[in-house]
Each structure stands twice: as structure tokens, then as C-alpha cells.
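The structure file my_file_36.cif is reproduced below (mmCIF, N, CA and C atoms).
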```cif
data_entry
loop_
_atom_site.label_atom_id
_atom_site.label_comp_id
_atom_site.auth_asym_id
_atom_site.auth_seq_id
_atom_site.Cartn_x
_atom_site.Cartn_y
_atom_site.Cartn_z
N MET A 676 2.52 -1.51 16.81
CA MET A 676 3.07 -0.95 15.57
C MET A 676 2.84 -1.94 14.44
N ALA A 677 2.10 -1.54 13.44
CA ALA A 677 1.88 -2.38 12.27
C ALA A 677 3.08 -2.25 11.34
N LYS A 678 3.45 -3.39 10.71
CA LYS A 678 4.58 -3.41 9.79
C LYS A 678 4.19 -4.17 8.53
N ALA A 679 4.65 -3.69 7.39
CA ALA A 679 4.52 -4.40 6.12
C ALA A 679 5.90 -4.92 5.75
N ILE A 680 6.02 -6.23 5.53
CA ILE A 680 7.33 -6.86 5.32
C ILE A 680 7.29 -7.72 4.07
N TRP A 681 8.33 -7.61 3.24
CA TRP A 681 8.49 -8.49 2.08
C TRP A 681 9.96 -8.84 1.94
N LYS A 682 10.26 -10.12 1.79
CA LYS A 682 11.63 -10.61 1.65
C LYS A 682 12.49 -10.18 2.83
N GLY A 683 11.88 -10.15 4.03
CA GLY A 683 12.61 -9.79 5.24
C GLY A 683 12.87 -8.32 5.42
N THR A 684 12.34 -7.49 4.53
CA THR A 684 12.57 -6.05 4.58
C THR A 684 11.29 -5.33 4.99
N ILE A 685 11.41 -4.42 5.94
CA ILE A 685 10.25 -3.62 6.37
C ILE A 685 10.01 -2.53 5.32
N LEU A 686 8.82 -2.57 4.71
CA LEU A 686 8.44 -1.59 3.69
C LEU A 686 7.74 -0.38 4.28
N ALA A 687 7.02 -0.62 5.39
CA ALA A 687 6.28 0.45 6.05
C ALA A 687 6.03 0.03 7.48
N GLU A 688 5.94 1.02 8.38
CA GLU A 688 5.55 0.74 9.75
C GLU A 688 4.90 1.98 10.35
N SER A 689 3.82 1.74 11.12
CA SER A 689 3.08 2.86 11.69
C SER A 689 2.17 2.39 12.81
N ASN A 690 1.92 3.29 13.74
CA ASN A 690 0.91 3.08 14.77
C ASN A 690 -0.42 3.68 14.35
N GLN A 691 -0.47 4.24 13.15
CA GLN A 691 -1.67 4.96 12.73
C GLN A 691 -2.25 4.43 11.42
N THR A 692 -2.21 3.10 11.24
CA THR A 692 -2.84 2.54 10.05
C THR A 692 -4.35 2.66 10.19
N ARG A 693 -5.03 2.57 9.08
CA ARG A 693 -6.49 2.54 9.07
C ARG A 693 -6.90 1.22 8.42
N VAL A 694 -7.76 0.47 9.08
CA VAL A 694 -8.18 -0.83 8.58
C VAL A 694 -9.50 -0.68 7.84
N VAL A 695 -9.48 -1.08 6.57
CA VAL A 695 -10.67 -1.05 5.72
C VAL A 695 -10.75 -2.40 5.02
N GLU A 696 -11.89 -3.06 5.16
CA GLU A 696 -12.12 -4.36 4.53
C GLU A 696 -11.00 -5.35 4.85
N GLY A 697 -10.49 -5.30 6.08
CA GLY A 697 -9.46 -6.23 6.52
C GLY A 697 -8.05 -5.87 6.11
N ASN A 698 -7.87 -4.78 5.39
CA ASN A 698 -6.53 -4.35 4.95
C ASN A 698 -6.05 -3.17 5.78
N HIS A 699 -4.79 -3.24 6.22
CA HIS A 699 -4.17 -2.11 6.90
C HIS A 699 -3.68 -1.13 5.85
N TYR A 700 -4.14 0.10 5.93
CA TYR A 700 -3.66 1.17 5.06
C TYR A 700 -2.69 2.02 5.86
N PHE A 701 -1.46 2.12 5.36
CA PHE A 701 -0.39 2.84 6.04
C PHE A 701 -0.35 4.30 5.58
N PRO A 702 -0.13 5.23 6.52
CA PRO A 702 -0.01 6.64 6.13
C PRO A 702 1.11 6.82 5.10
N PRO A 703 0.93 7.75 4.18
CA PRO A 703 1.94 7.95 3.13
C PRO A 703 3.35 8.20 3.67
N ASN A 704 3.46 8.89 4.80
CA ASN A 704 4.79 9.21 5.34
C ASN A 704 5.42 8.03 6.08
N SER A 705 4.72 6.89 6.15
CA SER A 705 5.26 5.73 6.87
C SER A 705 5.91 4.70 5.94
N ILE A 706 5.75 4.88 4.62
CA ILE A 706 6.36 3.92 3.71
C ILE A 706 7.80 4.33 3.41
N LYS A 707 8.64 3.33 3.19
CA LYS A 707 10.05 3.57 2.85
C LYS A 707 10.15 3.66 1.33
N LYS A 708 10.10 4.89 0.85
CA LYS A 708 9.94 5.18 -0.57
C LYS A 708 11.00 4.53 -1.47
N GLU A 709 12.16 4.21 -0.92
CA GLU A 709 13.21 3.62 -1.75
C GLU A 709 12.83 2.25 -2.30
N TYR A 710 11.80 1.62 -1.73
CA TYR A 710 11.37 0.29 -2.18
C TYR A 710 10.18 0.34 -3.14
N PHE A 711 9.69 1.53 -3.47
CA PHE A 711 8.46 1.67 -4.25
C PHE A 711 8.73 2.34 -5.59
N GLN A 712 8.11 1.77 -6.63
CA GLN A 712 8.17 2.35 -7.96
C GLN A 712 6.74 2.46 -8.48
N THR A 713 6.40 3.59 -9.05
CA THR A 713 5.05 3.79 -9.56
C THR A 713 4.75 2.79 -10.66
N SER A 714 3.59 2.18 -10.58
CA SER A 714 3.12 1.24 -11.60
C SER A 714 2.10 1.94 -12.49
N GLU A 715 1.91 1.42 -13.67
CA GLU A 715 0.90 1.96 -14.59
C GLU A 715 -0.47 1.33 -14.33
N ASN A 716 -0.53 0.37 -13.40
CA ASN A 716 -1.77 -0.36 -13.13
C ASN A 716 -2.76 0.49 -12.33
N HIS A 717 -4.04 0.36 -12.68
CA HIS A 717 -5.13 1.03 -11.96
C HIS A 717 -6.32 0.08 -11.93
N THR A 718 -7.07 0.13 -10.85
CA THR A 718 -8.32 -0.62 -10.76
C THR A 718 -9.38 0.30 -10.17
N ILE A 719 -10.63 -0.13 -10.28
CA ILE A 719 -11.74 0.67 -9.77
C ILE A 719 -12.47 -0.11 -8.68
N CYS A 720 -12.70 0.55 -7.56
CA CYS A 720 -13.54 0.01 -6.49
C CYS A 720 -14.84 0.82 -6.53
N PRO A 721 -15.99 0.16 -6.50
CA PRO A 721 -17.26 0.89 -6.60
C PRO A 721 -17.45 1.98 -5.53
N TRP A 722 -16.94 1.75 -4.32
CA TRP A 722 -17.19 2.76 -3.29
C TRP A 722 -15.96 3.57 -2.90
N LYS A 723 -14.74 3.08 -3.25
CA LYS A 723 -13.53 3.84 -2.91
C LYS A 723 -13.00 4.66 -4.09
N GLY A 724 -13.27 4.22 -5.30
CA GLY A 724 -12.80 4.96 -6.46
C GLY A 724 -11.65 4.26 -7.17
N MET A 725 -10.83 5.05 -7.88
CA MET A 725 -9.73 4.48 -8.66
C MET A 725 -8.48 4.30 -7.80
N ALA A 726 -7.96 3.07 -7.80
CA ALA A 726 -6.73 2.76 -7.08
C ALA A 726 -5.54 2.85 -8.03
N SER A 727 -4.45 3.36 -7.52
CA SER A 727 -3.17 3.35 -8.22
C SER A 727 -2.27 2.36 -7.49
N TYR A 728 -1.23 1.89 -8.19
CA TYR A 728 -0.39 0.82 -7.64
C TYR A 728 1.09 1.20 -7.64
N TYR A 729 1.82 0.50 -6.77
CA TYR A 729 3.27 0.55 -6.74
C TYR A 729 3.80 -0.86 -6.97
N ASP A 730 4.93 -0.96 -7.68
CA ASP A 730 5.73 -2.17 -7.68
C ASP A 730 6.66 -2.03 -6.48
N VAL A 731 6.93 -3.14 -5.80
CA VAL A 731 7.84 -3.14 -4.66
C VAL A 731 9.11 -3.85 -5.11
N GLU A 732 10.28 -3.25 -4.83
CA GLU A 732 11.56 -3.86 -5.20
C GLU A 732 12.46 -3.96 -3.99
N VAL A 733 12.92 -5.18 -3.72
CA VAL A 733 13.85 -5.45 -2.62
C VAL A 733 14.98 -6.31 -3.17
N ASP A 734 16.20 -5.85 -3.01
CA ASP A 734 17.38 -6.60 -3.46
C ASP A 734 17.26 -7.08 -4.91
N GLY A 735 16.76 -6.22 -5.77
CA GLY A 735 16.65 -6.54 -7.19
C GLY A 735 15.46 -7.41 -7.56
N GLN A 736 14.70 -7.85 -6.59
CA GLN A 736 13.49 -8.65 -6.87
C GLN A 736 12.28 -7.73 -6.85
N VAL A 737 11.45 -7.85 -7.88
CA VAL A 737 10.29 -6.96 -8.04
C VAL A 737 9.00 -7.74 -7.80
N ASN A 738 8.14 -7.17 -6.99
CA ASN A 738 6.80 -7.69 -6.73
C ASN A 738 5.84 -6.69 -7.37
N LYS A 739 5.39 -7.01 -8.59
CA LYS A 739 4.59 -6.07 -9.37
C LYS A 739 3.23 -5.82 -8.72
N ASN A 740 2.88 -4.55 -8.67
CA ASN A 740 1.57 -4.11 -8.17
C ASN A 740 1.25 -4.64 -6.77
N ALA A 741 2.26 -4.74 -5.93
CA ALA A 741 2.09 -5.32 -4.59
C ALA A 741 1.52 -4.34 -3.57
N ALA A 742 1.45 -3.06 -3.92
CA ALA A 742 0.90 -2.05 -3.02
C ALA A 742 -0.06 -1.16 -3.80
N TRP A 743 -1.11 -0.73 -3.12
CA TRP A 743 -2.05 0.16 -3.80
C TRP A 743 -2.48 1.28 -2.88
N TYR A 744 -3.01 2.31 -3.49
CA TYR A 744 -3.48 3.48 -2.75
C TYR A 744 -4.53 4.21 -3.59
N TYR A 745 -5.28 5.07 -2.93
CA TYR A 745 -6.31 5.86 -3.59
C TYR A 745 -5.91 7.34 -3.52
N PRO A 746 -5.35 7.88 -4.63
CA PRO A 746 -4.89 9.27 -4.59
C PRO A 746 -6.05 10.27 -4.47
N SER A 747 -7.19 9.94 -5.04
CA SER A 747 -8.37 10.81 -5.00
C SER A 747 -9.61 9.95 -4.78
N PRO A 748 -9.78 9.41 -3.58
CA PRO A 748 -10.89 8.49 -3.35
C PRO A 748 -12.24 9.19 -3.37
N LYS A 749 -13.29 8.37 -3.50
CA LYS A 749 -14.65 8.88 -3.38
C LYS A 749 -14.86 9.34 -1.94
N PRO A 750 -15.88 10.18 -1.69
CA PRO A 750 -16.10 10.71 -0.34
C PRO A 750 -16.18 9.65 0.76
N ALA A 751 -16.74 8.49 0.49
CA ALA A 751 -16.88 7.46 1.52
C ALA A 751 -15.53 6.93 1.99
N ALA A 752 -14.48 7.10 1.18
CA ALA A 752 -13.15 6.57 1.52
C ALA A 752 -12.13 7.69 1.74
N LYS A 753 -12.60 8.89 1.98
CA LYS A 753 -11.67 10.03 2.11
C LYS A 753 -10.64 9.84 3.22
N ASP A 754 -10.95 9.03 4.23
CA ASP A 754 -10.02 8.82 5.34
C ASP A 754 -8.78 8.02 4.95
N ILE A 755 -8.79 7.38 3.79
CA ILE A 755 -7.60 6.62 3.37
C ILE A 755 -6.93 7.26 2.15
N SER A 756 -7.24 8.50 1.88
CA SER A 756 -6.62 9.19 0.74
C SER A 756 -5.10 9.15 0.86
N GLY A 757 -4.44 8.55 -0.13
CA GLY A 757 -2.99 8.47 -0.16
C GLY A 757 -2.39 7.37 0.71
N TYR A 758 -3.20 6.73 1.55
CA TYR A 758 -2.70 5.65 2.40
C TYR A 758 -2.42 4.41 1.55
N VAL A 759 -1.43 3.62 1.95
CA VAL A 759 -0.94 2.50 1.13
C VAL A 759 -1.26 1.16 1.80
N ALA A 760 -1.83 0.23 1.02
CA ALA A 760 -2.13 -1.12 1.48
C ALA A 760 -1.33 -2.12 0.64
N PHE A 761 -1.26 -3.36 1.13
CA PHE A 761 -0.39 -4.36 0.50
C PHE A 761 -1.10 -5.69 0.28
N TRP A 762 -0.56 -6.47 -0.67
CA TRP A 762 -0.99 -7.84 -0.92
C TRP A 762 0.11 -8.53 -1.67
N LYS A 763 -0.17 -9.64 -2.34
CA LYS A 763 0.80 -10.36 -3.17
C LYS A 763 2.05 -10.79 -2.41
N GLY A 764 1.82 -11.38 -1.22
CA GLY A 764 2.93 -11.92 -0.47
C GLY A 764 3.57 -10.96 0.52
N VAL A 765 3.16 -9.72 0.53
CA VAL A 765 3.67 -8.78 1.54
C VAL A 765 2.93 -9.09 2.84
N GLN A 766 3.68 -9.38 3.89
CA GLN A 766 3.08 -9.72 5.17
C GLN A 766 2.85 -8.44 5.98
N VAL A 767 1.64 -8.32 6.51
CA VAL A 767 1.33 -7.20 7.39
C VAL A 767 1.15 -7.76 8.79
N GLU A 768 2.01 -7.31 9.70
CA GLU A 768 1.93 -7.71 11.10
C GLU A 768 1.38 -6.54 11.90
N ALA A 769 0.33 -6.81 12.65
CA ALA A 769 -0.28 -5.73 13.42
C ALA A 769 -0.23 -6.01 14.91
#
```

Could you express the structure from this file as C-alpha cells?
Amino acid sequence: MAKAIWKGTILAESNQTRVVEGNHYFPPNSIKKEYFQTSENHTICPWKGMASYYDVEVDGQVNKNAAWYYPSPKPAAKDISGYVAFWKGVQVEA
């Protein structure tokens, strides 16, 4: 079971993550939505498309843009559509 953890809190856990470029992407239904707030940040990946971000908040502490996902990825990345990956100090244990 893969888990995403920040500040001792499990943000997501799943047996069905997809690993792309060394990052575990968690299914949308595996994230604990109470810790996620939509961010205005977006970036572009040449082969995956436009990424959208979430800020993660635990116990009043905010980790800006700590999670990302591809709501409408390019065809090469269609398998991770809506799946969520983490960085910026969020530990992923697999």
C-alpha cells in the first residue's frame, strides 16, 4: 500500500498508484480531500500536458502547490488522468 504523508498525516493511500518518471500518482478517490485546496498554479509538461496543483493543509500549516494532477492530459499520459502526485516534503512510502 503506497501512502503520501506530510506532517505525520496520511494524505492519500492506495494499492493502485501508477508510477511515472519516479512519481507515484494516486487515484483521485484515494486522496483525503479535507487536506487539499485548489491552487491557481499550473505548469506544462511537453508530453503530459497542463498540470493543475493543490495546496496541502494539515493542522493550519499550508504546503503550497505540494500536489499536482493532470485533469486533461495528452494522449500519452491518459492513464494518469486525474491521478495525484506529490513533492515539496510530502513523503511517499511504497

* To do: Tell me which protein, DNA and RNA residues are within 6 Å of region 736-750 of chain A, counting only N, CA and C atoms, leaving out same-chain ones fewer than 6 positions away, and put them as a ChimeraX atom specification.
  => /A:722-730,756-763

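In terms of minimum interatomic distance to Lys707 (chain A), A:Leu686 ranks closest within A:Leu686, A:Val733, A:Ala769, A:Val694, counting all atoms listed in the file.
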
* Can you list, as an NGL selection string, every protein, DNA or RNA residue that comes within 8 Å of Arg693 (chain A) when you count all atoms listed in the file, leaving out same-chain residues fewer than 5 positions away? -> :A and (698-702 or 754-755 or 758)

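Our summary of the geometry notes that atom C of Ile680 (chain A) is positioned 6.1 Å from atom C of Gly764 (chain A).
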
* Structure fact -> Between atom N of Pro703 (chain A) and CA of Val767 (chain A) lies a distance of 15.3 Å

* Structure fact -> Using only N, CA and C atoms, the best pick from A:Glu732, A:Ala751, A:Gln766, A:Ser705 as closest to Ala687 (chain A) would be A:Ser705

* To do: Among the residues of region 695-738 of chain A, find those DSSP assigns to strand (DSSP E) from the backbone and print them as a list in words.
  => Val695, Asn698, His699, Tyr700, Phe711, Gln712, Thr713, Ser714, Glu715, Asn716, His717, Thr718, Ile719, Cys720, Gly724, Met725, Ala726, Ser727, Tyr728, Tyr729, Asp730, Val731, Glu732, Val733, Gln736, Val737 and Asn738 of chain A

* Structure fact -> Here CA of Val765 (chain A) and CA of Trp681 (chain A) stand apart by 4.9 Å

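Using only C-alpha atoms, the smallest distance between any of A:Gln712, A:Asn704, A:Asn690, A:Thr684 and Val731 (chain A) comes from A:Gln712.
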
* Check the smallest atom-to-atom distance from each of A:Asp734, A:Glu709, A:Glu768, A:Glu696 to Ala679 (chain A) using all atoms listed in the file, then report the winner. => A:Glu768

Run DSSP on the backbone and give me the residues of chain A it puts in helix (DSSP H, G or I), as a JSON list (two decimals) with N, CA and C atoms, in the coordinates of the input.
```json
[["chain", "number", "residue", "atom", "x", "y", "z"],
["A", 703, "PRO", "N", 0.93, 7.75, 4.18],
["A", 703, "PRO", "CA", 1.94, 7.95, 3.13],
["A", 703, "PRO", "C", 3.35, 8.20, 3.67],
["A", 704, "ASN", "N", 3.46, 8.89, 4.80],
["A", 704, "ASN", "CA", 4.79, 9.21, 5.34],
["A", 704, "ASN", "C", 5.42, 8.03, 6.08],
["A", 705, "SER", "N", 4.72, 6.89, 6.15],
["A", 705, "SER", "CA", 5.26, 5.73, 6.87],
["A", 705, "SER", "C", 5.91, 4.70, 5.94],
["A", 708, "LYS", "N", 10.10, 4.89, 0.85],
["A", 708, "LYS", "CA", 9.94, 5.18, -0.57],
["A", 708, "LYS", "C", 11.00, 4.53, -1.47],
["A", 709, "GLU", "N", 12.16, 4.21, -0.92],
["A", 709, "GLU", "CA", 13.21, 3.62, -1.75],
["A", 709, "GLU", "C", 12.83, 2.25, -2.30],
["A", 710, "TYR", "N", 11.80, 1.62, -1.73],
["A", 710, "TYR", "CA", 11.37, 0.29, -2.18],
["A", 710, "TYR", "C", 10.18, 0.34, -3.14],
["A", 750, "PRO", "N", -15.88, 10.18, -1.69],
["A", 750, "PRO", "CA", -16.10, 10.71, -0.34],
["A", 750, "PRO", "C", -16.18, 9.65, 0.76],
["A", 751, "ALA", "N", -16.74, 8.49, 0.49],
["A", 751, "ALA", "CA", -16.88, 7.46, 1.52],
["A", 751, "ALA", "C", -15.53, 6.93, 1.99],
["A", 752, "ALA", "N", -14.48, 7.10, 1.18],
["A", 752, "ALA", "CA", -13.15, 6.57, 1.52],
["A", 752, "ALA", "C", -12.13, 7.69, 1.74],
["A", 753, "LYS", "N", -12.60, 8.89, 1.98],
["A", 753, "LYS", "CA", -11.67, 10.03, 2.11],
["A", 753, "LYS", "C", -10.64, 9.84, 3.22],
["A", 754, "ASP", "N", -10.95, 9.03, 4.23],
["A", 754, "ASP", "CA", -10.02, 8.82, 5.34],
["A", 754, "ASP", "C", -8.78, 8.02, 4.95],
["A", 755, "ILE", "N", -8.79, 7.38, 3.79],
["A", 755, "ILE", "CA", -7.60, 6.62, 3.37],
["A", 755, "ILE", "C", -6.93, 7.26, 2.15]]
```
